[in-house]
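As provided, structure_22.cif (mmCIF, C-alpha atoms and all ligand atoms) reads as follows.
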data_my_file
loop_
_atom_site.label_atom_id
_atom_site.label_comp_id
_atom_site.auth_asym_id
_atom_site.auth_seq_id
_atom_site.Cartn_x
_atom_site.Cartn_y
_atom_site.Cartn_z
CA MET U 1 20.91 -9.25 9.21
CA VAL U 2 23.16 -6.21 9.29
CA ILE U 3 25.39 -5.35 6.37
CA ASP U 4 28.58 -3.41 6.94
CA VAL U 5 28.69 -0.98 4.04
CA ASN U 6 32.50 -0.99 4.06
CA GLU U 7 32.51 -4.74 3.57
CA ILE U 8 30.37 -4.80 0.45
CA PRO U 9 32.63 -6.23 -2.25
CA LYS U 10 33.06 -4.54 -5.61
CA GLU U 11 30.87 -7.08 -7.35
CA GLY U 12 28.16 -6.53 -4.74
CA LEU U 13 26.39 -8.94 -2.43
CA HIS U 14 23.77 -11.39 -3.48
CA ILE U 15 21.44 -12.56 -0.73
CA ASP U 16 18.98 -15.36 -1.33
CA GLN U 17 17.37 -16.52 1.88
CA ASP U 18 14.32 -16.84 4.10
CA PHE U 19 13.46 -14.31 6.76
CA ASP U 20 11.37 -15.31 9.72
CA PHE U 21 9.04 -12.55 10.80
CA VAL U 22 6.15 -12.84 13.21
CA SER U 23 2.65 -11.40 12.91
CA LEU U 24 3.53 -8.74 15.46
CA ASP U 25 6.05 -7.29 13.00
CA LEU U 26 3.28 -6.65 10.50
CA VAL U 27 0.97 -3.72 9.94
CA GLU U 28 -1.71 -6.33 9.33
CA GLU U 29 -1.79 -7.80 12.82
CA ASP U 30 -4.29 -10.54 12.00
CA ALA U 31 -2.05 -11.94 9.30
CA VAL U 32 -0.43 -15.33 9.82
CA PHE U 33 2.59 -16.55 7.91
CA LEU U 34 1.96 -19.74 5.94
CA GLU U 35 5.51 -19.68 4.62
CA PRO U 36 8.51 -17.66 5.66
CA THR U 37 9.31 -14.55 3.65
CA HIS U 38 11.83 -15.25 0.93
CA ALA U 39 14.09 -12.51 -0.33
CA MET U 40 16.48 -12.31 -3.23
CA VAL U 41 18.44 -9.12 -2.89
CA ASP U 42 21.38 -7.52 -4.65
CA VAL U 43 23.30 -4.98 -2.62
CA ARG U 44 25.71 -2.83 -4.56
CA LYS U 45 27.83 0.18 -3.73
CA ILE U 46 27.65 3.11 -6.11
CA GLY U 47 30.16 5.59 -4.75
CA ALA U 48 28.95 6.27 -1.22
CA ASP U 49 25.39 5.25 -2.06
CA VAL U 50 24.10 1.73 -1.61
CA GLN U 51 21.63 0.26 -4.04
CA VAL U 52 19.34 -2.40 -2.60
CA LYS U 53 17.39 -4.15 -5.31
CA GLY U 54 15.39 -7.28 -4.96
CA ARG U 55 12.25 -9.30 -4.80
CA ILE U 56 10.34 -10.71 -1.86
CA THR U 57 7.81 -13.48 -1.86
CA ALA U 58 5.67 -14.69 1.01
CA ARG U 59 2.45 -16.55 1.65
CA LEU U 60 0.17 -15.37 4.41
CA SER U 61 -3.29 -15.81 5.73
CA PHE U 62 -5.21 -12.54 5.96
CA ILE U 63 -8.63 -11.79 7.39
CA CYS U 64 -11.03 -10.39 4.81
CA SER U 65 -12.17 -6.95 5.90
CA ARG U 66 -15.68 -7.59 4.56
CA CYS U 67 -16.61 -11.17 5.42
CA LEU U 68 -14.03 -11.63 8.22
CA ARG U 69 -12.97 -15.02 6.88
CA PRO U 70 -9.30 -15.95 6.54
CA PHE U 71 -7.94 -16.19 3.03
CA GLU U 72 -4.58 -16.89 1.48
CA TYR U 73 -2.56 -13.96 0.23
CA SER U 74 0.61 -14.21 -1.83
CA VAL U 75 3.21 -11.48 -1.85
CA ASP U 76 5.47 -11.06 -4.85
CA SER U 77 6.98 -7.64 -4.71
CA SER U 78 10.01 -6.05 -6.32
CA PHE U 79 11.86 -3.03 -5.07
CA ASP U 80 14.82 -0.90 -6.07
CA LEU U 81 16.04 1.50 -3.39
CA VAL U 82 19.04 3.72 -2.94
CA TYR U 83 20.42 4.46 0.52
CA LEU U 84 22.58 7.52 1.02
CA PRO U 85 25.20 7.89 3.76
CA GLU U 86 24.02 9.57 6.96
CA GLU U 87 26.22 12.62 6.41
CA LEU U 88 23.69 13.78 3.85
CA ASP U 89 20.98 13.53 6.47
CA GLU U 90 22.34 16.61 8.19
CA ILE U 91 21.64 18.73 5.18
CA LYS U 92 18.23 17.17 4.73
CA GLU U 93 16.51 20.44 5.55
CA GLU U 94 18.19 22.00 2.59
CA LEU U 95 17.05 19.30 0.23
CA GLU U 96 14.17 19.89 -2.07
CA GLU U 97 10.85 18.45 -1.06
CA GLU U 98 11.10 15.78 -3.75
CA ASP U 99 14.23 14.44 -2.09
CA LEU U 100 12.51 13.77 1.21
CA ASP U 101 11.64 10.22 0.29
CA LYS U 102 15.29 9.31 0.07
CA PHE U 103 16.63 6.65 2.39
CA PHE U 104 19.70 6.90 4.58
CA TYR U 105 22.03 4.44 6.21
CA TYR U 106 23.72 5.16 9.51
CA HIS U 107 27.05 4.24 11.06
CA GLN U 108 28.09 2.50 7.84
CA GLN U 109 25.43 -0.13 8.43
CA LEU U 110 22.36 -1.34 6.61
CA ASN U 111 19.85 -3.51 8.40
CA LEU U 112 18.60 -5.75 5.63
CA ARG U 113 16.06 -7.46 7.85
CA ASP U 114 14.39 -4.10 8.56
CA ILE U 115 14.42 -3.19 4.88
CA ILE U 116 12.78 -6.50 3.91
CA LEU U 117 10.17 -6.13 6.63
CA GLU U 118 9.36 -2.59 5.52
CA GLN U 119 8.97 -3.68 1.91
CA LEU U 120 6.79 -6.60 2.99
CA ASN U 121 4.49 -4.29 4.93
CA LEU U 122 4.33 -1.87 2.00
CA SER U 123 3.21 -4.66 -0.30
CA PHE U 124 0.05 -5.35 1.70
CA PRO U 125 -3.35 -4.13 0.52
CA LEU U 126 -4.90 -1.29 2.51
CA ARG U 127 -8.08 -3.30 3.04
CA PRO U 128 -7.56 -7.03 2.58
CA LEU U 129 -10.37 -8.66 0.62
CA CYS U 130 -10.79 -12.38 -0.02
CA SER U 131 -12.03 -11.39 -3.48
CA GLU U 132 -12.82 -8.08 -5.14
CA ASP U 133 -16.50 -8.99 -5.28
CA CYS U 134 -16.76 -10.32 -1.74
CA GLU U 135 -20.19 -9.26 -0.58
CA GLY U 136 -19.36 -9.57 3.06
CA ILE U 137 -21.79 -10.44 5.76
CA CYS U 138 -25.56 -10.24 5.56
CA PRO U 139 -26.67 -7.29 7.69
CA VAL U 140 -29.81 -9.20 8.65
CA CYS U 141 -28.61 -12.61 9.83
CA GLY U 142 -24.82 -12.23 9.92
CA GLU U 143 -24.15 -15.09 7.50
CA ILE U 144 -21.68 -14.78 4.64
CA ILE U 145 -23.66 -13.71 1.58
CA GLN U 146 -21.22 -15.12 -0.97
CA GLU U 147 -21.93 -18.70 -0.02
CA GLY U 148 -25.65 -18.22 -0.30
CA GLN U 149 -26.00 -19.46 3.25
CA CYS U 150 -28.83 -17.16 4.07
CA SER U 151 -32.15 -16.52 2.46
CA CYS U 152 -32.68 -12.98 3.66
CA GLU U 153 -33.82 -10.63 0.97
CA VAL U 154 -31.20 -7.97 0.75
CA LYS U 155 -32.28 -5.93 -2.21
CA GLU U 156 -30.39 -3.13 -3.77
CA SER U 157 -32.66 -0.36 -2.58
CA ASP U 158 -33.84 2.39 -4.85
CA PRO U 159 -33.13 5.77 -3.21
CA ARG U 160 -36.50 7.10 -4.41
CA LEU U 161 -38.26 4.15 -2.83
CA GLU U 162 -36.30 4.71 0.36
CA LYS U 163 -37.58 8.27 0.51
CA LEU U 164 -41.11 7.05 -0.01
CA LYS U 165 -40.67 4.48 2.74
CA ILE U 166 -39.43 7.11 5.16
CA PHE U 167 -42.30 9.36 4.13
CA LEU U 168 -44.85 6.61 4.75
CA ARG U 169 -43.22 5.61 8.04
CA ASP U 170 -43.20 9.17 9.31
CA LYS U 171 -46.88 9.54 8.38
CA SER U 172 -48.02 6.48 10.26
ZN ZN P 1 -14.49 -11.71 2.04
ZN ZN P 2 -29.10 -13.15 5.88
#
Show me this structure written as structure tokens.
Amino acid sequence: MVIDVNEIPKEGLHIDQDFDFVSLDLVEEDAVFLEPTHAMVDVRKIGADVQVKGRITARLSFICSRCLRPFEYSVDSSFDLVYLPEELDEIKEELEEEDLDKFFYYHQQLNLRDIILEQLNLSFPLRPLCSEDCEGICPVCGEIIQEGQCSCEVKESDPRLEKLKIFLRDKS
């Protein structure tokens, strides 16, 4: 969905719709959409700048990075961005370092679909976890520890005991 900046009315644009992305669009390649991404966005012109403010919601299935099981993940993320016209891009080198995170639009166009996708990707956790206290997979038998499916004794080892063990092992 491409917005022509010149066509943005004085009162701004209000967009309230679903966006269909595919897993390949995502930084989290294992993720599967359970519901399309929904975006409510207000696009407003402030002089030559364009303010893009909104909220995205989505429901996905992620793979837990510890236990490798799929789990449901809900996105509810708000954003408030300002896009500057491309002309300013040419003087980017002269801008202060703190200005480098500014966004630009080119050829009087804003690709809203790309903006939504970027914000969606930014809302993802760095390491998806089914729960904060997911204990992952038993290193002995490979079963998921959380469900108590295995009876292996995985004790929190005492570093002093570990040293002793290594000492005894090396002796024998
Ligand atoms: Zn997990
Ligand atoms: Zn086990």
For ligand ZN 2 (chain P), return the neighbouring residues as an MDAnalysis selection string (distance at most 7 Å; all atoms listed in the file). chainID U and resid 138:143 145 150:152
Give me, as a PyMOL selection string, the set of residues whose atoms come within 9 Å of any atom of ligand ZN 1 (chain P), counting only C-alpha atoms and all ligand atoms. chain U and resi 63-71+128-137+144+146
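CA of Val41 in chain U lies 6.5 Å from CA of Asp16 in chain U.
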Quick one: residues within 7 Å of Pro36 in chain U, all atoms listed in the file, excluding same-chain residues fewer than 3 positions away - as an MDAnalysis selection string? chainID U and resid 18:20 33 58
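We find CA of Val75 in chain U and CA of Phe124 in chain U to be spaced 7.8 Å apart.
In this comparison, which uses only C-alpha atoms, the residue of U:Leu110, U:Asp170, U:Phe62, U:Met40 approaching Val27 in chain U most closely is U:Phe62.
For the pair CA of Phe103 in chain U and CA of Arg55 in chain U, the separation is 18.0 Å.
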Residues within 10 Å of Lys10 in chain U, all atoms listed in the file, excluding chain neighbours under 5 positions, as a PDB file with C-alpha atoms, keeping the file's coordinate frame:
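For reference, result35.pdb as written:
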ATOM      1  CA  ARG U  44      25.710  -2.830  -4.560  1.00  0.00           C
ATOM      2  CA  LYS U  45      27.830   0.180  -3.730  1.00  0.00           C
ATOM      3  CA  ILE U  46      27.650   3.110  -6.110  1.00  0.00           C
TER       4      ILE U  46
END
Could you rebuild range 7-24 of chain U with N, CA and C atoms and give me the result as a short mmCIF file (atom, residue, chain, number, x, y, z; two decimals), in the coordinates of the input?
data_model
loop_
_atom_site.label_atom_id
_atom_site.label_comp_id
_atom_site.auth_asym_id
_atom_site.auth_seq_id
_atom_site.Cartn_x
_atom_site.Cartn_y
_atom_site.Cartn_z
N GLU U 7 32.14 -3.37 3.93
CA GLU U 7 32.51 -4.74 3.57
C GLU U 7 31.83 -5.22 2.29
N ILE U 8 31.04 -4.37 1.68
CA ILE U 8 30.37 -4.80 0.45
C ILE U 8 31.43 -4.90 -0.65
N PRO U 9 31.60 -6.09 -1.22
CA PRO U 9 32.63 -6.23 -2.25
C PRO U 9 32.26 -5.49 -3.52
N LYS U 10 33.25 -5.28 -4.36
CA LYS U 10 33.06 -4.54 -5.61
C LYS U 10 31.92 -5.11 -6.45
N GLU U 11 31.88 -6.43 -6.50
CA GLU U 11 30.87 -7.08 -7.35
C GLU U 11 29.49 -7.10 -6.67
N GLY U 12 29.44 -6.58 -5.46
CA GLY U 12 28.16 -6.53 -4.74
C GLY U 12 27.89 -7.81 -3.97
N LEU U 13 26.79 -7.77 -3.22
CA LEU U 13 26.39 -8.94 -2.43
C LEU U 13 25.11 -9.49 -3.03
N HIS U 14 25.03 -10.79 -3.06
CA HIS U 14 23.77 -11.39 -3.48
C HIS U 14 23.23 -12.22 -2.32
N ILE U 15 22.05 -11.85 -1.87
CA ILE U 15 21.44 -12.56 -0.73
C ILE U 15 20.20 -13.28 -1.23
N ASP U 16 20.11 -14.54 -0.90
CA ASP U 16 18.98 -15.36 -1.33
C ASP U 16 18.62 -16.23 -0.13
N GLN U 17 17.68 -15.76 0.67
CA GLN U 17 17.37 -16.52 1.88
C GLN U 17 15.99 -16.20 2.46
N ASP U 18 15.59 -17.04 3.40
CA ASP U 18 14.32 -16.84 4.10
C ASP U 18 14.51 -15.92 5.28
N PHE U 19 13.47 -15.15 5.56
CA PHE U 19 13.46 -14.31 6.76
C PHE U 19 12.25 -14.69 7.59
N ASP U 20 12.48 -14.95 8.84
CA ASP U 20 11.37 -15.31 9.72
C ASP U 20 10.87 -14.08 10.45
N PHE U 21 9.68 -13.65 10.07
CA PHE U 21 9.04 -12.55 10.80
C PHE U 21 7.84 -13.13 11.54
N VAL U 22 7.34 -12.39 12.51
CA VAL U 22 6.15 -12.84 13.21
C VAL U 22 5.03 -11.83 12.93
N SER U 23 3.80 -12.26 13.20
CA SER U 23 2.65 -11.40 12.91
C SER U 23 2.77 -10.03 13.56
N LEU U 24 3.39 -10.00 14.72
CA LEU U 24 3.53 -8.74 15.46
C LEU U 24 4.36 -7.70 14.70
#
